[in-house]
Structures are given as structure tokens and as C-alpha cells.
Amino acid sequence: MMKKTGLITGALSLSLVLAACGGNDEGNVNEDNNGADNNAGGDEEAADGEAADVEPQQWRFVVEETQGQVQYVYAEEFAELVSEKSDGALEIDVYEFGALGSEVDQVEQLTDGIVEFAIISPGFTGTLVPEGNIFALQFLFTDDQEVNQDILNESEAINEHLAARYEEQGIMPLSFWTEGAMQWTGNSELRTPDDFQGFQMRTQESPLILESYRAYGASPTAMSWGELYTGLQQGAVDGQENPIFFIADANFNEVQDHMTISNHNMYVTMTTVNPDFYNGLDDATRDIIDEATEEMRQRGFDIQEEQNEEFLAQIEDDDENPTEIYELSEDERDAFRELAIPVRDIYRDEEGGEEGEMILDMLEEEIADMSGEDPTETDGDTEENEDEE
């Protein structure tokens, strides 16, 4: 969520972190990935069911979550697929959140080619790619996560126009996918906009996420999720938003008494690759990456669905940390939707510019076409949308 120039802040400490991690020497990795020998044997296509004949390489894949959480499980399975398709020639080391620095550090590592792959949430690149703030708009997508994933898979607005804006910044999206509907937790109940008056809401650093909560009357505060548990425990912030699996696995329910099933958004993330690295690969190696990406679309959806269902049951059954769980009615959701829709004009006027306005208009049409509903209505017959950890 910082401009490229702002991302340089952690560069010196990052180099020390990388050295401490004991990974492959950075120069050797980059030489292996971009060297002249990459194409040796790489153009031979594998027969059906056989591994491709490609040059051995070892890559890094960094995620924003910890072991066992959705992104980490996804990355491990992605790495396994790539290894299988290359008969073990292509190895990917997965790094959990914190192993190589903060979320902002990880963006810089990808753009600088220090890591080849990263799962990046648009909420952490909001100032680098303002058009990506589109996913901060609440009540934009539907309540049906399967429909939302279809939209993310097929949308021209997202996969062509928005993806191109990321690639200009050294981030190539391979796929956009949902980690599930976003819910609110708080130290007090959150059922009406009045409940948000003066409420210290933790968000990602996206300017539009901050603006979305100001529209409800909240006092939003940007904070890395690595600091969030302590922030909630000590009262630095009053509440936060995340998918259910993340709320439970990060133990936020231990320090929050209330959870609102609001479905006000969905947490969208991206599987990304450094474009110079990707474009420098031979066809056979690129094909393996592309095939693994496609196969992980449904698997990624299944992972988040399984975890969100499992962790909701855990929160409900946790007698040591009882949580009051509310599900908003359609009338209650409409009260928030009415305040959220005007924020789209802020995106058009201040965040996205002409390109962003075109992307949002196109996406709204695509959502209406694929869901059969008008995402700009506020009569209770409409459905909703995204964001992160």
C-alpha cells in the first residue's frame, strides 16, 4: 500500500533478513532464472501425463499468512503441482508471513526480483496501484462466493485492464481469487452505522478502505496484521475485518467479544509473479506455471471454503472465549450499503482516475450480467463484496 518510492524504506533491513533466512544466494537464484542456459531443453512439450523436460531451477514464493492458513496452504499446493509437472526440476520454497519482512517488504521483494512469486492483497498496494483499491469498495460484489470467484476468473475489467496496471509496477497477476466473505469483530456490537461512531477500526493501509469506514462514522486506523492481536488486546483499536478463518486462526476472538456476519466485502488476493522473471522463461517452464495456476483456481476456492466453515464452528464452540455472533438482516445491510455506494464516486474521482472509472463501470456491468442483479441498488435485493488481514 505504499508508492514504489515508499517501499524502499525496508530495503536495508530486508537484506539482513534474507541473509538470516539461509536461502539460496540471491545472485545465484537470479542468474539461474534469467541465464542463457534457461532454454536448454525447455521448448520440448511434455506428452499427456508426463512431466515436462525443463532446466532445474529453485524459486521463492512469499505469502501474507502463516503456516496452515489459506494462502500458505495454497502456495504449498502450487509448489507441489509445479514440482510434479516438472518431475522435480522446478522447486519452490514457500515463505510464511514475517519470514522475509512485512507485507510492504514482500511487495518490494517481488518487484525487485528477490522473490519470484508472491500472494499479494490489493489492500497492501493501494498507493502503488490506486486502481486496485476497487476491491476496497464495500457491497460491490454479490453474497455468493462462487459467483464472485467466477467474476474474478472471467472479468475483463480485472484480468486485462486492472492486471495491466499492476504489471506496469512490476507485479504480474496470474490469478485473482477470494479468501471468503469479510466479517466484523469488535469490543462492542456492530449492527448499525451508529455503532461505528468513533469506533477505532483497524484496516489495511488502502486509502479507500479508510474512506469506506469514515463513511460509516468510524475512526479507521491502518495497521499490519502482525501488530493486530496486541492492538486489539490493549485497546489501541476497537475492532477489525477479516474472513472467518483468519479471525479464528489469528485468535482475534480471544480479544474481541462480538462478531458480525456482515458479508460487506470479500477478501480478494492475487497470485503474482515478477514479470521480468516470467517473461524470461522458456515456453515449457511458463506452461507449467500457467497450468498450475489454472488448476489452483478451484482448489484455492475449496481451501478457503473449508477453512471458513471449520473455523466458524470453532468460534461458536469456544466456551473459554465466548463470542456473541450476529448476522445482519437485509434491512441492516441496506443501511450500510446506502452509505457505501457513494464511496465509489471517491474511487472514480480521486483514486482510479479515468482508467479506474472505466474499470469500475465495466466491472459493475460484469457483476450485474453474471449475478442477474444491479450492484448499485440499495433496496435489499442486491448483494455484496471484499478485503484482508
# chains A, B, ... in the order shown; residues from 1 in each chain; ligands from 1

call {"tool": "residues_around", "arguments": {"residues": "Phe176 of chain A", "least_positions_apart": "2", "cutoff": "8 Å", "atoms": "only C-alpha atoms", "output": "mmCIF file with C-alpha atoms, in the first residue's frame"}}
result
data_model
loop_
_atom_site.group_PDB
_atom_site.id
_atom_site.type_symbol
_atom_site.label_atom_id
_atom_site.label_comp_id
_atom_site.auth_asym_id
_atom_site.auth_seq_id
_atom_site.Cartn_x
_atom_site.Cartn_y
_atom_site.Cartn_z
ATOM 1 C CA LEU A 152 -12.739 -12.835 -10.646
ATOM 2 C CA ASN A 153 -11.859 -15.589 -13.121
ATOM 3 C CA ASN A 159 -7.873 -9.690 -15.666
ATOM 4 C CA PRO A 173 -1.154 -11.131 -11.532
ATOM 5 C CA LEU A 174 -1.533 -14.773 -12.543
ATOM 6 C CA THR A 178 -11.317 -14.890 -2.911
ATOM 7 C CA VAL A 268 -9.561 -10.673 -2.669
ATOM 8 C CA THR A 269 -5.953 -11.625 -3.163
ATOM 9 C CA MET A 270 -3.672 -12.232 -6.145
ATOM 10 C CA THR A 271 -1.218 -14.936 -7.100
#

call {"tool": "residues_around", "arguments": {"residues": "Ile325 of chain A", "least_positions_apart": "2", "cutoff": "12 Å", "atoms": "only C-alpha atoms", "output": "list in words"}}
result
Gln183, Trp184, Thr185, Gly186, Ser188, Glu189, Leu190, Arg191, Ile244, Asn253, Gln256, Asp257, His258, Met259, Thr260, Ile261, Ser262, Leu312, Ala313, Ile315, Glu316, Asp317, Pro322, Thr323, Glu327 and Leu328 of chain A

call {"tool": "closest_residue", "arguments": {"among": "A:Gln149, A:Gln69, A:Ser329, A:Ser102", "to": "His264 of chain A", "atoms": "only C-alpha atoms"}}
result
A:Ser329

call {"tool": "atom_distance", "arguments": {"atom1": "atom CA of Ala236 of chain A", "atom2": "atom CA of Arg202 of chain A"}}
result
9.1 Å

call {"tool": "closest_residue", "arguments": {"among": "A:Gln204, A:Asn274, A:Asn321, A:Asn187", "to": "Asn251 of chain A", "atoms": "only C-alpha atoms"}}
result
A:Asn321

call {"tool": "select_by_dssp", "arguments": {"residues": "segment 218-342 of chain A", "states": "helix (DSSP H, G or I)", "output": "number ranges by chain"}}
result
A: 225-234, 244-249, 252-254, 275-279, 283-317, 330-340

call {"tool": "residues_around", "arguments": {"residues": "Pro56 of chain A", "least_positions_apart": "2", "cutoff": "7 Å", "atoms": "only C-alpha atoms", "output": "list in words"}}
result
Val54, Ala89 and Leu90 of chain A

call {"tool": "closest_atom_pairs", "arguments": {"of": "segment 90-137 of chain A", "to": "segment 206-214 of chain A", "cutoff": "12 Å", "atoms": "only C-alpha atoms", "output": "CSV"}}
result
residue,atom,partner,partner_atom,distance
A:Val104,CA,A:Ser206,CA,11.8
A:Ser121,CA,A:Ser206,CA,10.3
A:Pro122,CA,A:Ser206,CA,8.2
A:Gly123,CA,A:Ser206,CA,5.2
A:Phe124,CA,A:Ser206,CA,6.4
A:Thr125,CA,A:Ser206,CA,7.2
A:Gly126,CA,A:Ser206,CA,4.8
A:Thr127,CA,A:Ser206,CA,6.9
A:Leu128,CA,A:Ser206,CA,9.8
A:Val129,CA,A:Ser206,CA,10.1
A:Pro130,CA,A:Ser206,CA,8.7
A:Glu131,CA,A:Leu208,CA,10.3
A:Gly132,CA,A:Ser206,CA,9.2
A:Asn133,CA,A:Leu208,CA,6.2
A:Ile134,CA,A:Leu208,CA,8.2
A:Phe135,CA,A:Ile209,CA,8.9
A:Ala136,CA,A:Ile209,CA,5.2
A:Leu137,CA,A:Ser212,CA,7.1

call {"tool": "write_last_selection", "arguments": {"atoms": "N, CA and C atoms", "output": "mmCIF file, in the first residue's frame"}}
result
data_model
loop_
_atom_site.group_PDB
_atom_site.id
_atom_site.type_symbol
_atom_site.label_atom_id
_atom_site.label_comp_id
_atom_site.auth_asym_id
_atom_site.auth_seq_id
_atom_site.Cartn_x
_atom_site.Cartn_y
_atom_site.Cartn_z
ATOM 1 N N VAL A 104 4.458 -4.960 3.082
ATOM 2 C CA VAL A 104 5.021 -3.975 2.153
ATOM 3 C C VAL A 104 6.409 -4.413 1.680
ATOM 4 N N SER A 121 -2.206 -8.971 -1.548
ATOM 5 C CA SER A 121 -3.562 -8.440 -1.459
ATOM 6 C C SER A 121 -3.572 -7.004 -1.950
ATOM 7 N N PRO A 122 -4.537 -6.656 -2.814
ATOM 8 C CA PRO A 122 -4.601 -5.277 -3.308
ATOM 9 C C PRO A 122 -4.647 -4.238 -2.203
ATOM 10 N N GLY A 123 -5.157 -4.620 -1.026
ATOM 11 C CA GLY A 123 -5.214 -3.671 0.084
ATOM 12 C C GLY A 123 -3.851 -3.200 0.545
ATOM 13 N N PHE A 124 -2.789 -3.958 0.225
ATOM 14 C CA PHE A 124 -1.440 -3.552 0.602
ATOM 15 C C PHE A 124 -0.687 -2.892 -0.549
ATOM 16 N N THR A 125 -1.368 -2.650 -1.660
ATOM 17 C CA THR A 125 -0.735 -1.973 -2.803
ATOM 18 C C THR A 125 -1.577 -0.790 -3.263
ATOM 19 N N GLY A 126 -2.412 -0.282 -2.363
ATOM 20 C CA GLY A 126 -3.378 0.740 -2.734
ATOM 21 C C GLY A 126 -2.787 2.046 -3.203
ATOM 22 N N THR A 127 -1.604 2.408 -2.714
ATOM 23 C CA THR A 127 -0.982 3.643 -3.188
ATOM 24 C C THR A 127 -0.066 3.378 -4.372
ATOM 25 N N LEU A 128 0.408 2.149 -4.506
ATOM 26 C CA LEU A 128 1.247 1.785 -5.646
ATOM 27 C C LEU A 128 0.409 1.642 -6.910
ATOM 28 N N VAL A 129 -0.750 1.002 -6.788
ATOM 29 C CA VAL A 129 -1.684 0.828 -7.909
ATOM 30 C C VAL A 129 -3.061 1.294 -7.424
ATOM 31 N N PRO A 130 -3.351 2.579 -7.523
ATOM 32 C CA PRO A 130 -4.609 3.099 -6.973
ATOM 33 C C PRO A 130 -5.846 2.406 -7.527
ATOM 34 N N GLU A 131 -5.775 1.968 -8.795
ATOM 35 C CA GLU A 131 -6.932 1.292 -9.378
ATOM 36 C C GLU A 131 -7.278 0.008 -8.630
ATOM 37 N N GLY A 132 -6.280 -0.598 -7.961
ATOM 38 C CA GLY A 132 -6.520 -1.817 -7.189
ATOM 39 C C GLY A 132 -7.385 -1.590 -5.972
ATOM 40 N N ASN A 133 -7.589 -0.319 -5.601
ATOM 41 C CA ASN A 133 -8.477 -0.014 -4.477
ATOM 42 C C ASN A 133 -9.929 -0.357 -4.776
ATOM 43 N N ILE A 134 -10.197 -0.773 -6.000
ATOM 44 C CA ILE A 134 -11.566 -1.170 -6.350
ATOM 45 C C ILE A 134 -12.073 -2.271 -5.423
ATOM 46 N N PHE A 135 -11.155 -3.115 -4.933
ATOM 47 C CA PHE A 135 -11.564 -4.214 -4.059
ATOM 48 C C PHE A 135 -11.847 -3.745 -2.632
ATOM 49 N N ALA A 136 -11.584 -2.477 -2.350
ATOM 50 C CA ALA A 136 -11.919 -1.920 -1.044
ATOM 51 C C ALA A 136 -13.366 -1.441 -0.994
ATOM 52 N N LEU A 137 -14.018 -1.378 -2.155
ATOM 53 C CA LEU A 137 -15.389 -0.877 -2.205
ATOM 54 C C LEU A 137 -16.335 -1.922 -1.632
#

call {"tool": "closest_residue", "arguments": {"among": "A:Val94, A:Val147, A:Met172, A:Ile341", "to": "Asn279 of chain A", "atoms": "only C-alpha atoms"}}
result
A:Met172

call {"tool": "residues_around", "arguments": {"residues": "Pro342 of chain A", "least_positions_apart": "3", "cutoff": "12 Å", "atoms": "only C-alpha atoms", "output": "ChimeraX atom specification"}}
result
/A:137-140,208,211-212,214-216,336-339,345-349,376-378

call {"tool": "write_last_selection", "arguments": {"atoms": "N, CA and C atoms", "output": "PDB file, in the first residue's frame"}}
result
ATOM      1  N   LEU A 137     -14.018  -1.378  -2.155  1.00  0.00           N
ATOM      2  CA  LEU A 137     -15.389  -0.877  -2.205  1.00  0.00           C
ATOM      3  C   LEU A 137     -16.335  -1.922  -1.632  1.00  0.00           C
ATOM      4  N   GLN A 138     -17.042  -1.536  -0.596  1.00  0.00           N
ATOM      5  CA  GLN A 138     -17.913  -2.484   0.090  1.00  0.00           C
ATOM      6  C   GLN A 138     -19.261  -2.594  -0.608  1.00  0.00           C
ATOM      7  N   PHE A 139     -19.858  -3.785  -0.517  1.00  0.00           N
ATOM      8  CA  PHE A 139     -21.142  -4.081  -1.147  1.00  0.00           C
ATOM      9  C   PHE A 139     -21.071  -3.920  -2.667  1.00  0.00           C
ATOM     10  N   LEU A 140     -19.940  -4.277  -3.246  1.00  0.00           N
ATOM     11  CA  LEU A 140     -19.775  -4.208  -4.706  1.00  0.00           C
ATOM     12  C   LEU A 140     -20.098  -5.558  -5.342  1.00  0.00           C
ATOM     13  N   LEU A 208      -8.762   3.879   0.317  1.00  0.00           N
ATOM     14  CA  LEU A 208     -10.194   3.734   0.093  1.00  0.00           C
ATOM     15  C   LEU A 208     -10.859   2.879   1.170  1.00  0.00           C
ATOM     16  N   GLU A 211     -11.481   5.305   3.799  1.00  0.00           N
ATOM     17  CA  GLU A 211     -12.610   6.155   3.433  1.00  0.00           C
ATOM     18  C   GLU A 211     -13.930   5.416   3.612  1.00  0.00           C
ATOM     19  N   SER A 212     -13.939   4.117   3.329  1.00  0.00           N
ATOM     20  CA  SER A 212     -15.165   3.330   3.474  1.00  0.00           C
ATOM     21  C   SER A 212     -15.654   3.341   4.915  1.00  0.00           C
ATOM     22  N   ARG A 214     -14.813   5.632   7.220  1.00  0.00           N
ATOM     23  CA  ARG A 214     -15.202   7.000   7.585  1.00  0.00           C
ATOM     24  C   ARG A 214     -16.646   7.261   7.179  1.00  0.00           C
ATOM     25  N   ALA A 215     -17.077   6.656   6.072  1.00  0.00           N
ATOM     26  CA  ALA A 215     -18.457   6.837   5.606  1.00  0.00           C
ATOM     27  C   ALA A 215     -19.457   6.297   6.626  1.00  0.00           C
ATOM     28  N   TYR A 216     -19.045   5.301   7.424  1.00  0.00           N
ATOM     29  CA  TYR A 216     -19.913   4.764   8.469  1.00  0.00           C
ATOM     30  C   TYR A 216     -19.799   5.558   9.774  1.00  0.00           C
ATOM     31  N   PHE A 336     -25.993   0.046   5.672  1.00  0.00           N
ATOM     32  CA  PHE A 336     -24.567   0.204   5.365  1.00  0.00           C
ATOM     33  C   PHE A 336     -24.342   0.382   3.864  1.00  0.00           C
ATOM     34  N   ARG A 337     -25.091  -0.355   3.073  1.00  0.00           N
ATOM     35  CA  ARG A 337     -24.934  -0.261   1.620  1.00  0.00           C
ATOM     36  C   ARG A 337     -25.202   1.165   1.130  1.00  0.00           C
ATOM     37  N   GLU A 338     -26.226   1.789   1.705  1.00  0.00           N
ATOM     38  CA  GLU A 338     -26.583   3.146   1.294  1.00  0.00           C
ATOM     39  C   GLU A 338     -25.424   4.116   1.525  1.00  0.00           C
ATOM     40  N   LEU A 339     -24.671   3.909   2.613  1.00  0.00           N
ATOM     41  CA  LEU A 339     -23.519   4.766   2.899  1.00  0.00           C
ATOM     42  C   LEU A 339     -22.298   4.367   2.086  1.00  0.00           C
ATOM     43  N   ASP A 345     -17.821   6.977  -5.911  1.00  0.00           N
ATOM     44  CA  ASP A 345     -17.501   8.238  -6.583  1.00  0.00           C
ATOM     45  C   ASP A 345     -16.134   8.758  -6.161  1.00  0.00           C
ATOM     46  N   ILE A 346     -15.751   8.495  -4.908  1.00  0.00           N
ATOM     47  CA  ILE A 346     -14.419   8.876  -4.452  1.00  0.00           C
ATOM     48  C   ILE A 346     -13.372   8.073  -5.223  1.00  0.00           C
ATOM     49  N   TYR A 347     -13.655   6.791  -5.435  1.00  0.00           N
ATOM     50  CA  TYR A 347     -12.744   5.964  -6.230  1.00  0.00           C
ATOM     51  C   TYR A 347     -12.610   6.543  -7.642  1.00  0.00           C
ATOM     52  N   ARG A 348     -13.746   6.890  -8.246  1.00  0.00           N
ATOM     53  CA  ARG A 348     -13.718   7.413  -9.607  1.00  0.00           C
ATOM     54  C   ARG A 348     -12.967   8.742  -9.680  1.00  0.00           C
ATOM     55  N   ASP A 349     -13.214   9.613  -8.722  1.00  0.00           N
ATOM     56  CA  ASP A 349     -12.687  10.977  -8.791  1.00  0.00           C
ATOM     57  C   ASP A 349     -11.259  11.107  -8.279  1.00  0.00           C
ATOM     58  N   THR A 376     -25.717  -1.495  -7.831  1.00  0.00           N
ATOM     59  CA  THR A 376     -25.855  -0.116  -7.341  1.00  0.00           C
ATOM     60  C   THR A 376     -27.186   0.104  -6.624  1.00  0.00           C
ATOM     61  N   GLU A 377     -28.030  -0.926  -6.561  1.00  0.00           N
ATOM     62  CA  GLU A 377     -29.311  -0.778  -5.886  1.00  0.00           C
ATOM     63  C   GLU A 377     -29.140  -0.886  -4.375  1.00  0.00           C
ATOM     64  N   THR A 378     -30.061  -0.307  -3.631  1.00  0.00           N
ATOM     65  CA  THR A 378     -30.000  -0.367  -2.165  1.00  0.00           C
ATOM     66  C   THR A 378     -31.338  -0.798  -1.572  1.00  0.00           C
TER      67      THR A 378
END

call {"tool": "select_by_dssp", "arguments": {"residues": "segment 121-244 of chain A", "states": "strand (DSSP E or B)", "output": "list of chain:residue names"}}
result
A:Met172, A:Pro173, A:Leu174, A:Ser175, A:Phe176, A:Trp177, A:Thr178, A:Glu179, A:Gly180, A:Ala181, A:Met182, A:Gln183, A:Trp184, A:Thr185, A:Gly186, A:Gln200, A:Met201, A:Arg202, A:Thr203, A:Ser219, A:Pro220, A:Thr221, A:Ala222, A:Gly239, A:Gln240, A:Glu241, A:Asn242, A:Pro243

call {"tool": "write_last_selection", "arguments": {"atoms": "C-alpha atoms", "output": "PDB file, in the first residue's frame"}}
result
ATOM      1  CA  MET A 172       2.122  -9.629 -12.815  1.00  0.00           C
ATOM      2  CA  PRO A 173      -1.154 -11.131 -11.532  1.00  0.00           C
ATOM      3  CA  LEU A 174      -1.533 -14.773 -12.543  1.00  0.00           C
ATOM      4  CA  SER A 175      -4.952 -15.038 -10.905  1.00  0.00           C
ATOM      5  CA  PHE A 176      -7.322 -13.148  -8.624  1.00  0.00           C
ATOM      6  CA  TRP A 177      -9.180 -15.191  -6.013  1.00  0.00           C
ATOM      7  CA  THR A 178     -11.317 -14.890  -2.911  1.00  0.00           C
ATOM      8  CA  GLU A 179     -10.403 -15.980   0.597  1.00  0.00           C
ATOM      9  CA  GLY A 180     -14.021 -15.642   1.647  1.00  0.00           C
ATOM     10  CA  ALA A 181     -16.520 -13.081   2.825  1.00  0.00           C
ATOM     11  CA  MET A 182     -15.327 -10.399   5.226  1.00  0.00           C
ATOM     12  CA  GLN A 183     -16.850 -10.101   8.691  1.00  0.00           C
ATOM     13  CA  TRP A 184     -16.518  -7.565  11.506  1.00  0.00           C
ATOM     14  CA  THR A 185     -15.331  -8.178  15.052  1.00  0.00           C
ATOM     15  CA  GLY A 186     -15.453  -5.619  17.838  1.00  0.00           C
ATOM     16  CA  GLN A 200     -11.397   2.664  16.118  1.00  0.00           C
ATOM     17  CA  MET A 201     -11.473   0.243  13.185  1.00  0.00           C
ATOM     18  CA  ARG A 202      -8.239  -1.446  12.132  1.00  0.00           C
ATOM     19  CA  THR A 203      -7.830  -1.671   8.352  1.00  0.00           C
ATOM     20  CA  SER A 219     -12.181   6.292  13.008  1.00  0.00           C
ATOM     21  CA  PRO A 220     -10.148   3.835  10.895  1.00  0.00           C
ATOM     22  CA  THR A 221      -6.524   3.051  11.689  1.00  0.00           C
ATOM     23  CA  ALA A 222      -4.117   1.303   9.300  1.00  0.00           C
ATOM     24  CA  GLY A 239     -12.227  -3.930  16.009  1.00  0.00           C
ATOM     25  CA  GLN A 240     -11.205  -5.273  12.627  1.00  0.00           C
ATOM     26  CA  GLU A 241     -12.432  -7.019   9.469  1.00  0.00           C
ATOM     27  CA  ASN A 242     -11.302 -10.333   8.007  1.00  0.00           C
ATOM     28  CA  PRO A 243     -12.584 -13.650   6.696  1.00  0.00           C
TER      29      PRO A 243
END

call {"tool": "residues_around", "arguments": {"residues": "Gly88 of chain A", "least_positions_apart": "4", "cutoff": "12 Å", "atoms": "only C-alpha atoms", "output": "PyMOL selection string"}}
result
chain A and resi 51-58+79-84+92+288

call {"tool": "write_last_selection", "arguments": {"atoms": "C-alpha atoms", "output": "mmCIF file, in the first residue's frame"}}
result
data_model
loop_
_atom_site.group_PDB
_atom_site.id
_atom_site.type_symbol
_atom_site.label_atom_id
_atom_site.label_comp_id
_atom_site.auth_asym_id
_atom_site.auth_seq_id
_atom_site.Cartn_x
_atom_site.Cartn_y
_atom_site.Cartn_z
ATOM 1 C CA ALA A 51 6.477 -34.261 -16.746
ATOM 2 C CA ALA A 52 7.966 -31.565 -18.983
ATOM 3 C CA ASP A 53 11.691 -31.588 -19.708
ATOM 4 C CA VAL A 54 12.862 -28.282 -18.234
ATOM 5 C CA GLU A 55 16.052 -26.870 -16.781
ATOM 6 C CA PRO A 56 16.261 -27.305 -12.968
ATOM 7 C CA GLN A 57 15.549 -24.116 -11.037
ATOM 8 C CA GLN A 58 14.731 -23.089 -7.471
ATOM 9 C CA ALA A 79 4.645 -25.654 -5.381
ATOM 10 C CA GLU A 80 3.759 -29.356 -5.328
ATOM 11 C CA LEU A 81 1.968 -29.072 -8.669
ATOM 12 C CA VAL A 82 4.920 -27.303 -10.283
ATOM 13 C CA SER A 83 7.295 -29.927 -8.927
ATOM 14 C CA GLU A 84 5.138 -32.799 -10.193
ATOM 15 C CA ILE A 92 9.603 -23.612 -4.945
ATOM 16 C CA ILE A 288 3.963 -25.414 -16.183
#

call {"tool": "atom_distance", "arguments": {"atom1": "atom CA of Arg165 of chain A", "atom2": "atom CA of Gln71 of chain A"}}
result
23.0 Å

call {"tool": "atom_distance", "arguments": {"atom1": "atom CA of Gly280 of chain A", "atom2": "atom CA of Gly98 of chain A"}}
result
28.6 Å

call {"tool": "closest_residue", "arguments": {"among": "A:Met223, A:Val115, A:Ala340, A:Ala157", "to": "Glu366 of chain A", "atoms": "only C-alpha atoms"}}
result
A:Ala157

call {"tool": "decode", "arguments": {"residues": "segment 328-351 of chain A", "atoms": "N, CA and C atoms", "output": "PDB file, in the first residue's frame"}}
result
ATOM      1  N   LEU A 328     -26.330  -9.880  10.088  1.00  0.00           N
ATOM      2  CA  LEU A 328     -27.128  -8.724   9.701  1.00  0.00           C
ATOM      3  C   LEU A 328     -28.318  -9.149   8.851  1.00  0.00           C
ATOM      4  N   SER A 329     -29.451  -8.528   9.113  1.00  0.00           N
ATOM      5  CA  SER A 329     -30.622  -8.708   8.252  1.00  0.00           C
ATOM      6  C   SER A 329     -30.404  -7.894   6.977  1.00  0.00           C
ATOM      7  N   GLU A 330     -31.253  -8.121   5.984  1.00  0.00           N
ATOM      8  CA  GLU A 330     -31.122  -7.341   4.744  1.00  0.00           C
ATOM      9  C   GLU A 330     -31.379  -5.858   4.993  1.00  0.00           C
ATOM     10  N   ASP A 331     -32.308  -5.541   5.892  1.00  0.00           N
ATOM     11  CA  ASP A 331     -32.555  -4.133   6.201  1.00  0.00           C
ATOM     12  C   ASP A 331     -31.322  -3.506   6.854  1.00  0.00           C
ATOM     13  N   GLU A 332     -30.667  -4.253   7.738  1.00  0.00           N
ATOM     14  CA  GLU A 332     -29.456  -3.733   8.384  1.00  0.00           C
ATOM     15  C   GLU A 332     -28.335  -3.569   7.376  1.00  0.00           C
ATOM     16  N   ARG A 333     -28.223  -4.520   6.465  1.00  0.00           N
ATOM     17  CA  ARG A 333     -27.189  -4.410   5.426  1.00  0.00           C
ATOM     18  C   ARG A 333     -27.459  -3.216   4.515  1.00  0.00           C
ATOM     19  N   ASP A 334     -28.722  -2.964   4.218  1.00  0.00           N
ATOM     20  CA  ASP A 334     -29.074  -1.853   3.344  1.00  0.00           C
ATOM     21  C   ASP A 334     -28.653  -0.512   3.933  1.00  0.00           C
ATOM     22  N   ALA A 335     -28.710  -0.397   5.260  1.00  0.00           N
ATOM     23  CA  ALA A 335     -28.295   0.848   5.908  1.00  0.00           C
ATOM     24  C   ALA A 335     -26.812   1.117   5.655  1.00  0.00           C
ATOM     25  N   PHE A 336     -25.993   0.046   5.672  1.00  0.00           N
ATOM     26  CA  PHE A 336     -24.567   0.204   5.365  1.00  0.00           C
ATOM     27  C   PHE A 336     -24.342   0.382   3.864  1.00  0.00           C
ATOM     28  N   ARG A 337     -25.091  -0.355   3.073  1.00  0.00           N
ATOM     29  CA  ARG A 337     -24.934  -0.261   1.620  1.00  0.00           C
ATOM     30  C   ARG A 337     -25.202   1.165   1.130  1.00  0.00           C
ATOM     31  N   GLU A 338     -26.226   1.789   1.705  1.00  0.00           N
ATOM     32  CA  GLU A 338     -26.583   3.146   1.294  1.00  0.00           C
ATOM     33  C   GLU A 338     -25.424   4.116   1.525  1.00  0.00           C
ATOM     34  N   LEU A 339     -24.671   3.909   2.613  1.00  0.00           N
ATOM     35  CA  LEU A 339     -23.519   4.766   2.899  1.00  0.00           C
ATOM     36  C   LEU A 339     -22.298   4.367   2.086  1.00  0.00           C
ATOM     37  N   ALA A 340     -22.222   3.098   1.688  1.00  0.00           N
ATOM     38  CA  ALA A 340     -21.033   2.595   0.991  1.00  0.00           C
ATOM     39  C   ALA A 340     -21.013   2.968  -0.483  1.00  0.00           C
ATOM     40  N   ILE A 341     -22.175   2.993  -1.126  1.00  0.00           N
ATOM     41  CA  ILE A 341     -22.199   3.217  -2.570  1.00  0.00           C
ATOM     42  C   ILE A 341     -21.619   4.564  -2.984  1.00  0.00           C
ATOM     43  N   PRO A 342     -21.859   5.668  -2.273  1.00  0.00           N
ATOM     44  CA  PRO A 342     -21.243   6.945  -2.678  1.00  0.00           C
ATOM     45  C   PRO A 342     -19.714   6.930  -2.642  1.00  0.00           C
ATOM     46  N   VAL A 343     -19.108   6.001  -1.885  1.00  0.00           N
ATOM     47  CA  VAL A 343     -17.649   5.920  -1.846  1.00  0.00           C
ATOM     48  C   VAL A 343     -17.099   5.559  -3.223  1.00  0.00           C
ATOM     49  N   ARG A 344     -17.921   4.946  -4.065  1.00  0.00           N
ATOM     50  CA  ARG A 344     -17.482   4.623  -5.421  1.00  0.00           C
ATOM     51  C   ARG A 344     -17.143   5.885  -6.206  1.00  0.00           C
ATOM     52  N   ASP A 345     -17.821   6.977  -5.911  1.00  0.00           N
ATOM     53  CA  ASP A 345     -17.501   8.238  -6.583  1.00  0.00           C
ATOM     54  C   ASP A 345     -16.134   8.758  -6.161  1.00  0.00           C
ATOM     55  N   ILE A 346     -15.751   8.495  -4.908  1.00  0.00           N
ATOM     56  CA  ILE A 346     -14.419   8.876  -4.452  1.00  0.00           C
ATOM     57  C   ILE A 346     -13.372   8.073  -5.223  1.00  0.00           C
ATOM     58  N   TYR A 347     -13.655   6.791  -5.435  1.00  0.00           N
ATOM     59  CA  TYR A 347     -12.744   5.964  -6.230  1.00  0.00           C
ATOM     60  C   TYR A 347     -12.610   6.543  -7.642  1.00  0.00           C
ATOM     61  N   ARG A 348     -13.746   6.890  -8.246  1.00  0.00           N
ATOM     62  CA  ARG A 348     -13.718   7.413  -9.607  1.00  0.00           C
ATOM     63  C   ARG A 348     -12.967   8.742  -9.680  1.00  0.00           C
ATOM     64  N   ASP A 349     -13.214   9.613  -8.722  1.00  0.00           N
ATOM     65  CA  ASP A 349     -12.687  10.977  -8.791  1.00  0.00           C
ATOM     66  C   ASP A 349     -11.259  11.107  -8.279  1.00  0.00           C
ATOM     67  N   GLU A 350     -10.910  10.326  -7.245  1.00  0.00           N
ATOM     68  CA  GLU A 350      -9.639  10.561  -6.570  1.00  0.00           C
ATOM     69  C   GLU A 350      -8.658   9.408  -6.645  1.00  0.00           C
ATOM     70  N   GLU A 351      -9.139   8.187  -6.752  1.00  0.00           N
ATOM     71  CA  GLU A 351      -8.254   7.025  -6.687  1.00  0.00           C
ATOM     72  C   GLU A 351      -7.947   6.448  -8.060  1.00  0.00           C
TER      73      GLU A 351
END
